[in-house]
$ cat run.cif   # mmCIF, C-alpha atoms and all ligand atoms
data_input
#
loop_
_atom_site.label_atom_id
_atom_site.label_comp_id
_atom_site.auth_asym_id
_atom_site.auth_seq_id
_atom_site.Cartn_x
_atom_site.Cartn_y
_atom_site.Cartn_z
CA MET A 1 -174.43 -85.46 92.01
CA SER A 2 -175.70 -88.45 93.92
CA THR A 3 -173.68 -90.86 91.77
CA ASP A 4 -170.53 -89.31 93.28
CA THR A 5 -171.57 -90.14 96.83
CA PRO A 6 -168.87 -92.43 98.23
CA ARG A 7 -170.34 -95.63 99.65
CA GLN A 8 -168.75 -95.20 103.07
CA LEU A 9 -170.70 -91.98 103.63
CA LEU A 10 -173.90 -94.00 103.91
CA GLY A 11 -172.45 -97.11 105.52
CA GLY A 12 -172.01 -99.01 102.26
CA LEU A 13 -175.42 -98.06 100.89
CA SER A 14 -175.90 -96.27 97.60
CA ALA A 15 -177.74 -92.96 97.77
CA ALA A 16 -180.77 -94.64 96.17
CA ASP A 17 -180.76 -97.45 98.77
CA PHE A 18 -180.39 -94.99 101.63
CA LEU A 19 -183.26 -92.84 100.34
CA ARG A 20 -185.52 -95.85 99.88
CA GLU A 21 -184.79 -97.62 103.18
CA HIS A 22 -183.82 -94.92 105.66
CA TRP A 23 -184.61 -91.34 104.63
CA GLN A 24 -187.60 -90.20 106.72
CA ARG A 25 -188.13 -93.81 107.78
CA GLN A 26 -185.38 -95.44 109.85
CA PRO A 27 -182.23 -94.30 111.67
CA LEU A 28 -178.86 -95.40 110.34
CA LEU A 29 -175.59 -95.62 112.24
CA ILE A 30 -172.63 -95.12 109.93
CA ARG A 31 -169.21 -95.97 111.32
CA GLY A 32 -166.41 -94.12 109.53
CA ALA A 33 -168.73 -92.05 107.33
CA PHE A 34 -165.91 -89.50 107.06
CA PRO A 35 -162.70 -91.57 107.44
CA ASP A 36 -159.89 -89.89 109.43
CA PHE A 37 -162.16 -86.94 110.10
CA GLU A 38 -160.60 -83.94 111.78
CA SER A 39 -162.81 -81.18 113.04
CA PRO A 40 -162.33 -78.00 111.02
CA LEU A 41 -163.21 -76.06 114.16
CA SER A 42 -161.94 -76.19 117.75
CA PRO A 43 -164.07 -75.80 120.90
CA ASP A 44 -162.40 -72.41 121.47
CA GLU A 45 -163.29 -71.24 117.97
CA LEU A 46 -166.89 -72.35 118.56
CA ALA A 47 -166.97 -70.42 121.84
CA GLY A 48 -165.61 -67.40 119.95
CA LEU A 49 -168.46 -67.60 117.44
CA ALA A 50 -170.95 -67.83 120.33
CA CYS A 51 -169.64 -64.47 121.57
CA GLU A 52 -170.39 -62.69 118.28
CA ASP A 53 -173.44 -60.55 117.69
CA ASN A 54 -175.99 -61.98 115.26
CA VAL A 55 -174.79 -65.56 115.76
CA GLU A 56 -177.55 -67.75 117.19
CA ALA A 57 -176.07 -69.58 120.17
CA ARG A 58 -177.50 -71.37 123.22
CA LEU A 59 -176.07 -72.74 126.39
CA VAL A 60 -177.80 -75.63 128.15
CA GLU A 61 -176.82 -76.31 131.76
CA GLU A 62 -178.21 -79.41 133.38
CA ARG A 63 -177.77 -77.82 136.81
CA GLY A 64 -177.72 -74.09 136.05
CA PRO A 65 -177.50 -71.36 138.70
CA GLU A 66 -181.15 -70.55 137.98
CA GLY A 67 -182.44 -74.11 137.93
CA PRO A 68 -182.34 -77.45 136.14
CA TRP A 69 -181.94 -77.50 132.36
CA GLN A 70 -181.28 -73.78 132.22
CA VAL A 71 -181.13 -72.38 128.68
CA SER A 72 -179.33 -69.08 128.00
CA HIS A 73 -179.02 -67.33 124.67
CA GLY A 74 -175.94 -65.68 123.15
CA PRO A 75 -174.03 -63.58 122.49
CA PHE A 76 -171.95 -64.82 125.44
CA ASP A 77 -168.73 -63.44 126.85
CA GLU A 78 -165.63 -64.81 128.53
CA ALA A 79 -167.22 -64.48 131.95
CA THR A 80 -169.96 -66.92 130.91
CA PHE A 81 -167.47 -69.62 129.99
CA ALA A 82 -165.30 -68.91 133.04
CA ARG A 83 -168.14 -69.66 135.46
CA LEU A 84 -169.19 -72.99 133.89
CA PRO A 85 -168.62 -76.23 135.80
CA GLU A 86 -166.40 -79.04 134.56
CA ARG A 87 -169.25 -81.14 133.25
CA ASP A 88 -172.92 -81.42 132.25
CA TRP A 89 -173.40 -78.46 129.95
CA THR A 90 -173.64 -77.95 126.19
CA LEU A 91 -172.94 -75.01 123.91
CA LEU A 92 -174.92 -75.05 120.64
CA VAL A 93 -174.25 -72.71 117.72
CA GLN A 94 -176.57 -72.58 114.70
CA ALA A 95 -175.61 -72.15 111.05
CA VAL A 96 -171.86 -72.54 111.54
CA ASP A 97 -171.70 -73.26 107.79
CA HIS A 98 -172.46 -69.55 107.26
CA TYR A 99 -169.33 -68.48 109.11
CA VAL A 100 -166.71 -71.18 108.57
CA PRO A 101 -166.02 -72.12 104.93
CA GLU A 102 -164.47 -75.46 105.96
CA VAL A 103 -167.72 -76.38 107.70
CA ALA A 104 -169.75 -75.24 104.67
CA ALA A 105 -167.54 -77.51 102.53
CA LEU A 106 -168.98 -80.55 104.36
CA LEU A 107 -172.28 -79.89 102.62
CA GLU A 108 -170.74 -81.11 99.36
CA ALA A 109 -171.09 -84.63 100.79
CA PHE A 110 -174.87 -84.22 100.97
CA THR A 111 -175.67 -83.58 97.31
CA PHE A 112 -177.66 -86.83 97.26
CA LEU A 113 -180.42 -84.70 98.82
CA PRO A 114 -182.06 -81.59 97.36
CA ARG A 115 -180.02 -78.61 98.50
CA TRP A 116 -183.14 -76.58 99.22
CA ARG A 117 -184.12 -79.09 101.92
CA LEU A 118 -181.02 -78.14 103.93
CA ASP A 119 -181.48 -76.03 107.01
CA ASP A 120 -177.99 -75.53 108.43
CA ILE A 121 -175.08 -77.14 110.26
CA MET A 122 -175.45 -76.68 114.00
CA VAL A 123 -172.34 -77.40 116.04
CA SER A 124 -172.36 -78.39 119.68
CA TYR A 125 -169.57 -78.65 122.21
CA ALA A 126 -169.98 -80.46 125.52
CA PRO A 127 -167.64 -81.52 128.33
CA PRO A 128 -168.30 -84.97 129.86
CA GLY A 129 -171.94 -85.52 130.79
CA GLY A 130 -173.17 -82.65 128.61
CA SER A 131 -176.47 -83.25 126.79
CA VAL A 132 -179.68 -81.46 125.90
CA GLY A 133 -181.76 -84.28 127.39
CA PRO A 134 -183.80 -86.93 125.59
CA HIS A 135 -185.91 -85.21 122.95
CA VAL A 136 -187.51 -85.33 119.52
CA ASP A 137 -186.78 -83.07 116.52
CA GLN A 138 -189.12 -82.51 113.61
CA TYR A 139 -186.14 -82.44 111.25
CA ASP A 140 -184.12 -85.06 109.47
CA VAL A 141 -180.62 -84.81 110.85
CA PHE A 142 -177.20 -86.32 110.26
CA LEU A 143 -175.28 -86.21 113.56
CA LEU A 144 -171.62 -86.24 112.64
CA GLN A 145 -169.18 -86.76 115.49
CA ALA A 146 -166.48 -84.17 114.81
CA SER A 147 -164.22 -84.72 117.82
CA GLY A 148 -164.29 -86.66 121.07
CA ARG A 149 -166.96 -89.21 121.85
CA ARG A 150 -170.70 -89.03 122.32
CA ARG A 151 -173.01 -91.81 123.41
CA TRP A 152 -176.28 -91.84 121.48
CA GLN A 153 -179.33 -93.74 122.63
CA LEU A 154 -182.52 -93.95 120.57
CA GLY A 155 -186.02 -94.41 121.92
CA GLY A 156 -188.00 -95.12 118.74
CA LYS A 157 -190.64 -93.04 117.04
CA VAL A 158 -192.79 -91.14 119.50
CA PRO A 159 -196.24 -89.59 118.99
CA ASP A 160 -196.62 -85.80 118.58
CA ASP A 161 -198.28 -85.55 121.99
CA ALA A 162 -195.60 -87.45 123.98
CA PRO A 163 -195.42 -85.74 127.41
CA ILE A 164 -192.54 -83.31 127.96
CA LEU A 165 -191.03 -81.97 131.18
CA ALA A 166 -192.91 -78.93 132.46
CA GLY A 167 -191.40 -75.68 133.72
CA ILE A 168 -188.19 -75.63 131.66
CA ASP A 169 -187.25 -73.94 128.35
CA LEU A 170 -186.27 -77.20 126.66
CA ARG A 171 -188.55 -79.82 125.17
CA ILE A 172 -187.29 -82.86 127.12
CA LEU A 173 -189.29 -86.08 127.01
CA GLU A 174 -190.85 -87.08 130.32
CA THR A 175 -190.15 -90.73 129.61
CA PHE A 176 -187.41 -92.18 127.44
CA GLU A 177 -186.88 -95.89 126.95
CA VAL A 178 -183.86 -96.99 125.00
CA GLU A 179 -184.72 -99.53 122.33
CA ALA A 180 -182.72 -102.75 122.29
CA GLY A 181 -179.57 -102.41 120.20
CA GLN A 182 -179.95 -98.64 119.81
CA ASP A 183 -177.12 -97.53 122.06
CA TRP A 184 -173.81 -96.54 120.51
CA THR A 185 -170.75 -94.43 121.28
CA LEU A 186 -169.71 -92.39 118.26
CA GLU A 187 -166.09 -91.57 117.49
CA PRO A 188 -164.79 -88.84 115.17
CA GLY A 189 -166.01 -89.45 111.61
CA ASP A 190 -168.95 -91.64 112.71
CA MET A 191 -172.40 -90.36 111.81
CA LEU A 192 -175.95 -91.13 112.90
CA TYR A 193 -178.90 -90.37 110.64
CA LEU A 194 -182.22 -89.74 112.39
CA PRO A 195 -185.60 -89.26 110.75
CA PRO A 196 -188.05 -86.70 112.19
CA GLY A 197 -189.98 -87.69 115.29
CA TRP A 198 -187.37 -90.14 116.60
CA ALA A 199 -186.53 -89.91 120.32
CA HIS A 200 -182.79 -89.50 120.92
CA HIS A 201 -180.40 -88.72 123.72
CA GLY A 202 -176.74 -87.87 123.18
CA VAL A 203 -174.34 -87.53 126.09
CA SER A 204 -170.74 -86.36 125.82
CA GLN A 205 -168.18 -88.94 126.93
CA SER A 206 -165.04 -86.82 126.58
CA GLU A 207 -163.45 -83.42 127.17
CA ASP A 208 -163.54 -82.49 123.51
CA CYS A 209 -166.95 -83.70 122.31
CA MET A 210 -168.13 -81.76 119.27
CA THR A 211 -171.12 -82.86 117.21
CA PHE A 212 -172.13 -81.37 113.87
CA SER A 213 -175.88 -81.61 113.16
CA VAL A 214 -176.57 -81.38 109.44
CA GLY A 215 -180.27 -80.56 109.59
CA PHE A 216 -182.90 -80.68 106.86
CA ARG A 217 -186.09 -78.66 106.99
CA ALA A 218 -189.54 -79.37 105.63
CA PRO A 219 -192.31 -76.80 105.85
CA SER A 220 -195.26 -77.85 107.99
CA ALA A 221 -198.73 -78.03 106.43
CA ASP A 222 -199.65 -75.16 108.72
CA GLU A 223 -196.83 -72.92 107.39
CA ALA A 224 -197.33 -74.00 103.78
CA VAL A 225 -201.07 -73.36 103.67
CA THR A 226 -200.76 -69.96 105.29
CA SER A 227 -197.79 -68.88 103.22
CA PHE A 228 -199.19 -70.07 99.85
CA ALA A 229 -202.57 -68.51 100.59
CA ASP A 230 -200.81 -65.20 101.33
CA TYR A 231 -198.72 -65.42 98.15
CA ILE A 232 -201.60 -66.22 95.86
CA GLY A 233 -203.96 -63.89 97.70
CA GLU A 234 -201.85 -60.87 96.80
CA GLN A 235 -202.41 -61.55 93.12
CA LEU A 236 -206.15 -62.14 93.14
CA PRO A 237 -208.47 -59.42 91.81
CA PRO A 238 -211.13 -58.21 94.26
CA SER A 239 -213.79 -59.41 91.78
CA ARG A 240 -212.89 -63.03 92.41
CA ARG A 241 -215.26 -64.00 95.20
CA TYR A 242 -218.02 -66.31 96.34
CA ALA A 243 -220.71 -66.38 93.63
CA ASP A 244 -224.15 -67.97 93.68
CA ALA A 245 -225.75 -67.00 90.39
CA GLY A 246 -228.66 -69.29 89.49
CA MET A 247 -229.29 -70.57 92.99
CA VAL A 248 -232.69 -71.81 94.08
CA PRO A 249 -234.63 -70.07 96.89
CA PRO A 250 -233.35 -71.36 100.30
CA ASP A 251 -235.62 -73.61 102.39
CA ASP A 252 -234.53 -71.62 105.45
CA PRO A 253 -232.71 -68.31 104.89
CA ALA A 254 -230.69 -68.89 108.12
CA GLU A 255 -229.29 -72.24 106.99
CA LEU A 256 -225.77 -72.68 105.55
CA ASP A 257 -226.77 -75.41 103.11
CA ASP A 258 -224.64 -77.97 101.24
CA ALA A 259 -224.80 -76.05 97.98
CA ALA A 260 -223.36 -72.92 99.65
CA LEU A 261 -220.56 -74.97 101.18
CA ALA A 262 -219.81 -76.62 97.83
CA ARG A 263 -219.55 -73.19 96.13
CA MET A 264 -217.14 -71.94 98.79
CA ARG A 265 -215.08 -75.12 98.64
CA ALA A 266 -214.83 -74.85 94.84
CA LEU A 267 -213.72 -71.22 95.08
CA ILE A 268 -210.96 -72.07 97.53
CA LEU A 269 -209.72 -75.25 95.86
CA GLU A 270 -209.84 -73.83 92.31
CA THR A 271 -208.01 -70.70 93.40
CA LEU A 272 -205.30 -72.67 95.18
CA ASP A 273 -204.91 -75.38 92.54
CA ASP A 274 -202.63 -73.41 90.24
CA PRO A 275 -199.43 -75.38 89.49
CA ALA A 276 -197.59 -72.42 87.91
CA GLN A 277 -198.21 -70.21 90.94
CA LEU A 278 -197.40 -73.09 93.28
CA ALA A 279 -194.01 -73.51 91.61
CA GLN A 280 -193.27 -69.78 91.90
CA TRP A 281 -194.24 -69.76 95.57
CA PHE A 282 -192.43 -73.00 96.41
CA GLY A 283 -189.15 -71.85 94.86
CA ARG A 284 -189.34 -68.59 96.75
CA VAL A 285 -190.24 -70.16 100.08
CA MET A 286 -187.62 -72.91 99.92
CA THR A 287 -184.87 -70.41 99.10
CA GLN A 288 -185.78 -67.99 101.89
CA PRO A 289 -182.54 -67.40 103.78
CA LYS A 290 -182.40 -68.63 107.36
CA TYR A 291 -181.28 -65.18 108.54
CA VAL A 292 -182.58 -62.45 106.23
CA ASP A 293 -180.34 -59.87 107.95
CA GLN A 294 -177.22 -61.70 106.85
CA LEU A 295 -177.83 -60.66 103.23
CA VAL A 296 -176.44 -57.22 102.66
CA PRO A 297 -178.07 -55.51 99.67
CA THR A 298 -175.99 -52.88 97.87
CA GLU A 299 -176.90 -49.27 98.53
CA THR A 300 -176.93 -48.32 94.86
CA PRO A 301 -177.71 -50.47 91.83
CA THR A 302 -174.67 -52.11 90.28
CA ASP A 303 -173.81 -51.42 86.64
CA PRO A 304 -173.89 -54.82 84.90
CA GLU A 305 -171.08 -53.66 82.61
CA ALA A 306 -168.84 -53.04 85.63
CA LEU A 307 -169.45 -56.63 86.80
CA VAL A 308 -168.67 -57.91 83.32
CA ALA A 309 -165.40 -55.95 83.29
CA ALA A 310 -164.40 -57.37 86.70
CA LEU A 311 -165.13 -60.94 85.59
CA GLN A 312 -163.19 -60.38 82.38
CA GLU A 313 -160.22 -59.27 84.50
CA GLY A 314 -160.33 -62.64 86.23
CA GLU A 315 -162.34 -61.82 89.34
CA VAL A 316 -164.72 -64.49 90.61
CA LEU A 317 -168.03 -63.87 92.36
CA GLU A 318 -169.14 -66.07 95.24
CA ARG A 319 -172.53 -67.12 96.47
CA SER A 320 -172.97 -65.43 99.83
CA PRO A 321 -172.69 -67.70 102.88
CA GLY A 322 -176.18 -68.82 103.75
CA SER A 323 -177.62 -67.85 100.35
CA ARG A 324 -179.99 -70.38 98.86
CA PHE A 325 -180.44 -71.02 95.16
CA ALA A 326 -182.74 -73.35 93.24
CA TRP A 327 -184.13 -73.49 89.73
CA ARG A 328 -187.06 -74.91 87.85
CA LEU A 329 -187.93 -75.36 84.19
CA ARG A 330 -190.97 -73.45 83.03
CA GLU A 331 -193.54 -74.64 80.53
CA ASP A 332 -192.29 -72.18 77.89
CA GLY A 333 -188.78 -73.71 77.96
CA GLN A 334 -187.29 -70.87 80.00
CA ALA A 335 -186.37 -71.36 83.66
CA THR A 336 -186.99 -69.58 86.91
CA LEU A 337 -183.92 -69.03 89.03
CA PHE A 338 -184.84 -68.74 92.69
CA ALA A 339 -182.41 -66.98 94.98
CA ASP A 340 -183.00 -66.05 98.60
CA GLY A 341 -186.76 -65.82 98.28
CA ASP A 342 -186.79 -64.05 94.90
CA GLY A 343 -187.58 -65.53 91.48
CA MET A 344 -186.23 -64.40 88.11
CA GLU A 345 -186.67 -65.68 84.58
CA CYS A 346 -183.57 -66.76 82.71
CA SER A 347 -182.27 -69.49 80.42
CA PRO A 348 -182.12 -73.01 81.88
CA GLY A 349 -178.34 -73.06 81.29
CA LEU A 350 -177.72 -69.96 83.37
CA ALA A 351 -180.20 -70.98 86.08
CA ARG A 352 -178.57 -74.38 86.46
CA ALA A 353 -175.07 -72.91 86.52
CA LEU A 354 -175.91 -70.27 89.11
CA ALA A 355 -177.82 -72.63 91.37
CA GLY A 356 -175.08 -75.28 91.21
CA PRO A 357 -171.54 -75.35 92.51
CA GLN A 358 -169.94 -73.92 89.35
CA PRO A 359 -167.61 -70.94 89.88
CA ILE A 360 -169.13 -67.62 88.88
CA ASP A 361 -166.40 -66.39 86.61
CA VAL A 362 -165.97 -65.09 83.08
CA ASP A 363 -167.42 -68.35 81.67
CA MET A 364 -170.86 -67.33 82.96
CA LEU A 365 -170.85 -64.60 80.32
CA ILE A 366 -171.59 -67.14 77.57
CA HIS A 367 -175.20 -66.72 78.72
CA HIS A 368 -176.34 -63.46 77.16
CA GLU A 369 -178.60 -62.49 80.06
CA ALA A 370 -175.88 -63.14 82.67
CA PRO A 371 -174.84 -59.49 83.25
CA ALA A 372 -178.35 -58.38 84.22
CA ILE A 373 -179.03 -61.44 86.40
CA LEU A 374 -175.63 -61.25 88.11
CA ALA A 375 -176.14 -57.55 88.86
CA ARG A 376 -179.56 -58.30 90.33
CA LEU A 377 -178.16 -61.08 92.55
CA PHE A 378 -175.23 -58.88 93.55
CA ASP A 379 -177.55 -56.01 94.50
CA ALA A 380 -179.70 -58.36 96.60
CA GLY A 381 -176.59 -59.57 98.47
CA SER A 382 -176.94 -63.16 97.16
CA LEU A 383 -173.58 -62.83 95.37
CA GLY A 384 -170.48 -61.02 96.52
CA TRP A 385 -166.73 -60.90 96.13
CA PRO A 386 -164.90 -63.65 98.08
CA TRP A 387 -165.08 -63.73 101.89
CA ASP A 388 -161.43 -62.76 102.36
CA ASP A 389 -161.74 -59.65 100.23
CA GLU A 390 -164.56 -58.39 102.43
CA GLU A 391 -162.40 -58.56 105.54
CA GLU A 392 -159.64 -56.41 104.03
C1 LIG B 1 -176.25 -81.98 120.52
O1 LIG B 1 -175.44 -81.85 119.59
O2 LIG B 1 -175.90 -81.96 121.70
C2 LIG B 1 -177.70 -82.17 120.27
C3 LIG B 1 -178.04 -82.46 118.90
C4 LIG B 1 -179.45 -83.04 118.82
O3 LIG B 1 -179.81 -83.89 119.57
O4 LIG B 1 -180.25 -82.64 117.99
CO CO B 2 -181.92 -83.55 118.51
#
$ encode --input "run.cif" --output "structure tokens" --more "lines below"
Ligand code: SIN
Ligand code: CO
Amino acid sequence: MSTDTPRQLLGGLSAADFLREHWQRQPLLIRGAFPDFESPLSPDELAGLACEDNVEARLVEERGPEGPWQVSHGPFDEATFARLPERDWTLLVQAVDHYVPEVAALLEAFTFLPRWRLDDIMVSYAPPGGSVGPHVDQYDVFLLQASGRRRWQLGGKVPDDAPILAGIDLRILETFEVEAGQDWTLEPGDMLYLPPGWAHHGVSQSEDCMTFSVGFRAPSADEAVTSFADYIGEQLPPSRRYADAGMVPPDDPAELDDAALARMRALILETLDDPAQLAQWFGRVMTQPKYVDQLVPTETPTDPEALVAALQEGEVLERSPGSRFAWRLREDGQATLFADGDGMECSPGLARALAGPQPIDVDMLIHHEAPAILARLFDAGSLGWPWDDEEE
């Protein structure tokens, strides 16, 4: 809950002040956001993750064997790390919160923002001089210095069409001018918030520089229009189409006149302007998992009674790493629980409990529809038994 946000996390600001003054508007440097912070992950552990299949990892070498600003994609192996020079490279691993529970736990500090806005926690490691060049992201990001030191320089808000370096696989700005007073070296526990579209350049200043990027996503108008049109389109009967009953004879049968355009416009806008469908689509789209393959559906449907028995014996279900939940009240007083791109009707109490941080234990059974909903979520791979059990 945002009221629990400790003031030091946002540099003395309340969540409401931060959201009003900074979120999506202005960067904020926060010294000591996480006091006495110790990285829950070492550079070696990060390198280990980058060697695993299905983990999205990149290596950026400022002077790579194949040219400047060379980008390679994982999985890597020991030979990759053995050949790297002493400086000027960066290893970046996406969605580390999906693999390391202690990194996922950091997300509890960000409950002053809607959870469904979260993208992931990317972790970077860089020896001295390592950077990905001056660039712009279209995401809001909190750059938490986890170990070592990184110098961050900001170059203000730049237009969408700012020129970028040609001939490389990275989007590096052709020109980058540091704004006065926007040049800081971050120490462990310090954090820099950046709104989308803000030019930034972060260079490692130490042997052990690790930066955690807590990134927030927002669908583009392009994605939203296409995706909503697809969603609603699937439900429209073929009889719903352009109609021109009662029209007057055209002046010129080859002309697309204003009246025709107005009819088409009305058809499109009236079809799209459906708040109930919009809510159903939005919940599904904002809970789409980042990596669909990471959800492992069960091979056979689970018996809800078997789940009930396990919970009654004291077992506790967990939300799968990377699973996304959200809920919304419906007009009829029921709720829709959204989970990993699916939507299901249930009571507001159960929806809120499942989408929140509450443990999924025997107490969930006070909601009479819990067994069926839990079995459905379990079968979809959104819920599972704890991480450790799976490794046994
Ligand atoms: C990094 O951690 O090296 C780069 C993060 C960013 O600039 O988005
Ligand atoms: Co960036």
$ closest_residue --input "run.cif" --among "A:Asp44, A:Glu108, A:Asp140, A:Glu102" --to "ligand CO 2 (chain B)" --atoms "all atoms listed in the file"
A:Asp140
$ closest_residue --input "run.cif" --among "A:Leu92, A:Leu374, A:Cys209, A:Leu46" --to "ligand CO 2 (chain B)" --atoms "all atoms listed in the file"
A:Leu92
$ residues_around --input "run.cif" --residues "Gly133 (chain A)" --least-positions-apart "5" --cutoff "9 Å" --atoms "all atoms listed in the file" --output "PDB file with C-alpha atoms, in the coordinates of the input"
ATOM      1  CA  GLU A  62    -178.210 -79.410 133.380  1.00  0.00           C
ATOM      2  CA  TRP A  69    -181.940 -77.500 132.360  1.00  0.00           C
ATOM      3  CA  LEU A 170    -186.270 -77.200 126.660  1.00  0.00           C
ATOM      4  CA  ARG A 171    -188.550 -79.820 125.170  1.00  0.00           C
ATOM      5  CA  ILE A 172    -187.290 -82.860 127.120  1.00  0.00           C
ATOM      6  CA  LEU A 173    -189.290 -86.080 127.010  1.00  0.00           C
ATOM      7  CA  HIS A 200    -182.790 -89.500 120.920  1.00  0.00           C
ATOM      8  CA  HIS A 201    -180.400 -88.720 123.720  1.00  0.00           C
ATOM      9  CA  GLY A 202    -176.740 -87.870 123.180  1.00  0.00           C
ATOM     10  CA  VAL A 203    -174.340 -87.530 126.090  1.00  0.00           C
TER      11      VAL A 203
END
$ residues_around --input "run.cif" --residues "Glu78 (chain A)" --least-positions-apart "3" --cutoff "10 Å" --atoms "all atoms listed in the file" --output "ChimeraX atom specification"
/A:47-48,51,81-83
$ residues_around --input "run.cif" --residues "Leu272 (chain A)" --least-positions-apart "4" --cutoff "8 Å" --atoms "only C-alpha atoms" --output "MDAnalysis selection string"
chainID A and resid 229 232 268
$ residues_near_ligand --input "run.cif" --ligand "ligand LIG 1 (chain B)" --cutoff "9 Å" --atoms "only C-alpha atoms and all ligand atoms" --output "CSV table (one decimal) with C-alpha atoms, in the coordinates of the input"
chain,number,residue,atom,x,y,z
A,90,THR,CA,-173.6,-78.0,126.2
A,91,LEU,CA,-172.9,-75.0,123.9
A,92,LEU,CA,-174.9,-75.0,120.6
A,122,MET,CA,-175.4,-76.7,114.0
A,123,VAL,CA,-172.3,-77.4,116.0
A,124,SER,CA,-172.4,-78.4,119.7
A,125,TYR,CA,-169.6,-78.6,122.2
A,126,ALA,CA,-170.0,-80.5,125.5
A,130,GLY,CA,-173.2,-82.6,128.6
A,131,SER,CA,-176.5,-83.2,126.8
A,132,VAL,CA,-179.7,-81.5,125.9
A,133,GLY,CA,-181.8,-84.3,127.4
A,134,PRO,CA,-183.8,-86.9,125.6
A,135,HIS,CA,-185.9,-85.2,123.0
A,136,VAL,CA,-187.5,-85.3,119.5
A,137,ASP,CA,-186.8,-83.1,116.5
A,139,TYR,CA,-186.1,-82.4,111.2
A,141,VAL,CA,-180.6,-84.8,110.8
A,143,LEU,CA,-175.3,-86.2,113.6
A,145,GLN,CA,-169.2,-86.8,115.5
A,150,ARG,CA,-170.7,-89.0,122.3
A,152,TRP,CA,-176.3,-91.8,121.5
A,200,HIS,CA,-182.8,-89.5,120.9
A,201,HIS,CA,-180.4,-88.7,123.7
A,202,GLY,CA,-176.7,-87.9,123.2
A,203,VAL,CA,-174.3,-87.5,126.1
A,204,SER,CA,-170.7,-86.4,125.8
A,210,MET,CA,-168.1,-81.8,119.3
A,211,THR,CA,-171.1,-82.9,117.2
A,212,PHE,CA,-172.1,-81.4,113.9
A,213,SER,CA,-175.9,-81.6,113.2
A,215,GLY,CA,-180.3,-80.6,109.6
$ closest_residue --input "run.cif" --among "A:Glu223, A:Asp332, A:Asp160, A:Asp169" --to "Gly197 (chain A)" --atoms "all atoms listed in the file"
A:Asp160
$ atom_distance --input "run.cif" --atom1 "CA of Ala199 (chain A)" --atom2 "CA of Ala218 (chain A)"
18.3 Å
$ atom_distance --input "run.cif" --atom1 "CA of Asp53 (chain A)" --atom2 "CA of Arg376 (chain A)"
28.1 Å
$ residues_around --input "run.cif" --residues "region 312-315 of chain A" --least-positions-apart "3" --cutoff "12 Å" --atoms "all atoms listed in the file" --output "ChimeraX atom specification"
/A:305-309,318,359-366,371,384-386,389
$ atom_distance --input "run.cif" --atom1 "CA of Phe338 (chain A)" --atom2 "CA of Leu236 (chain A)"
22.3 Å
$ closest_residue --input "run.cif" --among "A:Leu337, A:Leu19, A:Met247, A:Leu278" --to "Arg324 (chain A)" --atoms "all atoms listed in the file"
A:Leu337
$ closest_residue --input "run.cif" --among "A:Gln138, A:Thr226, A:Thr175, A:Thr5" --to "ligand CO 2 (chain B)" --atoms "only C-alpha atoms and all ligand atoms"
A:Gln138
$ closest_residue --input "run.cif" --among "A:Ala335, A:Leu154, A:Ala353, A:Ile373" --to "ligand CO 2 (chain B)" --atoms "all atoms listed in the file"
A:Leu154
$ residues_near_point --input "run.cif" --point "(-180.7, -55.3, 102.7)" --cutoff "12 Å" --atoms "all atoms listed in the file" --output "PyMOL selection string"
chain A and resi 291-300+340+377-382
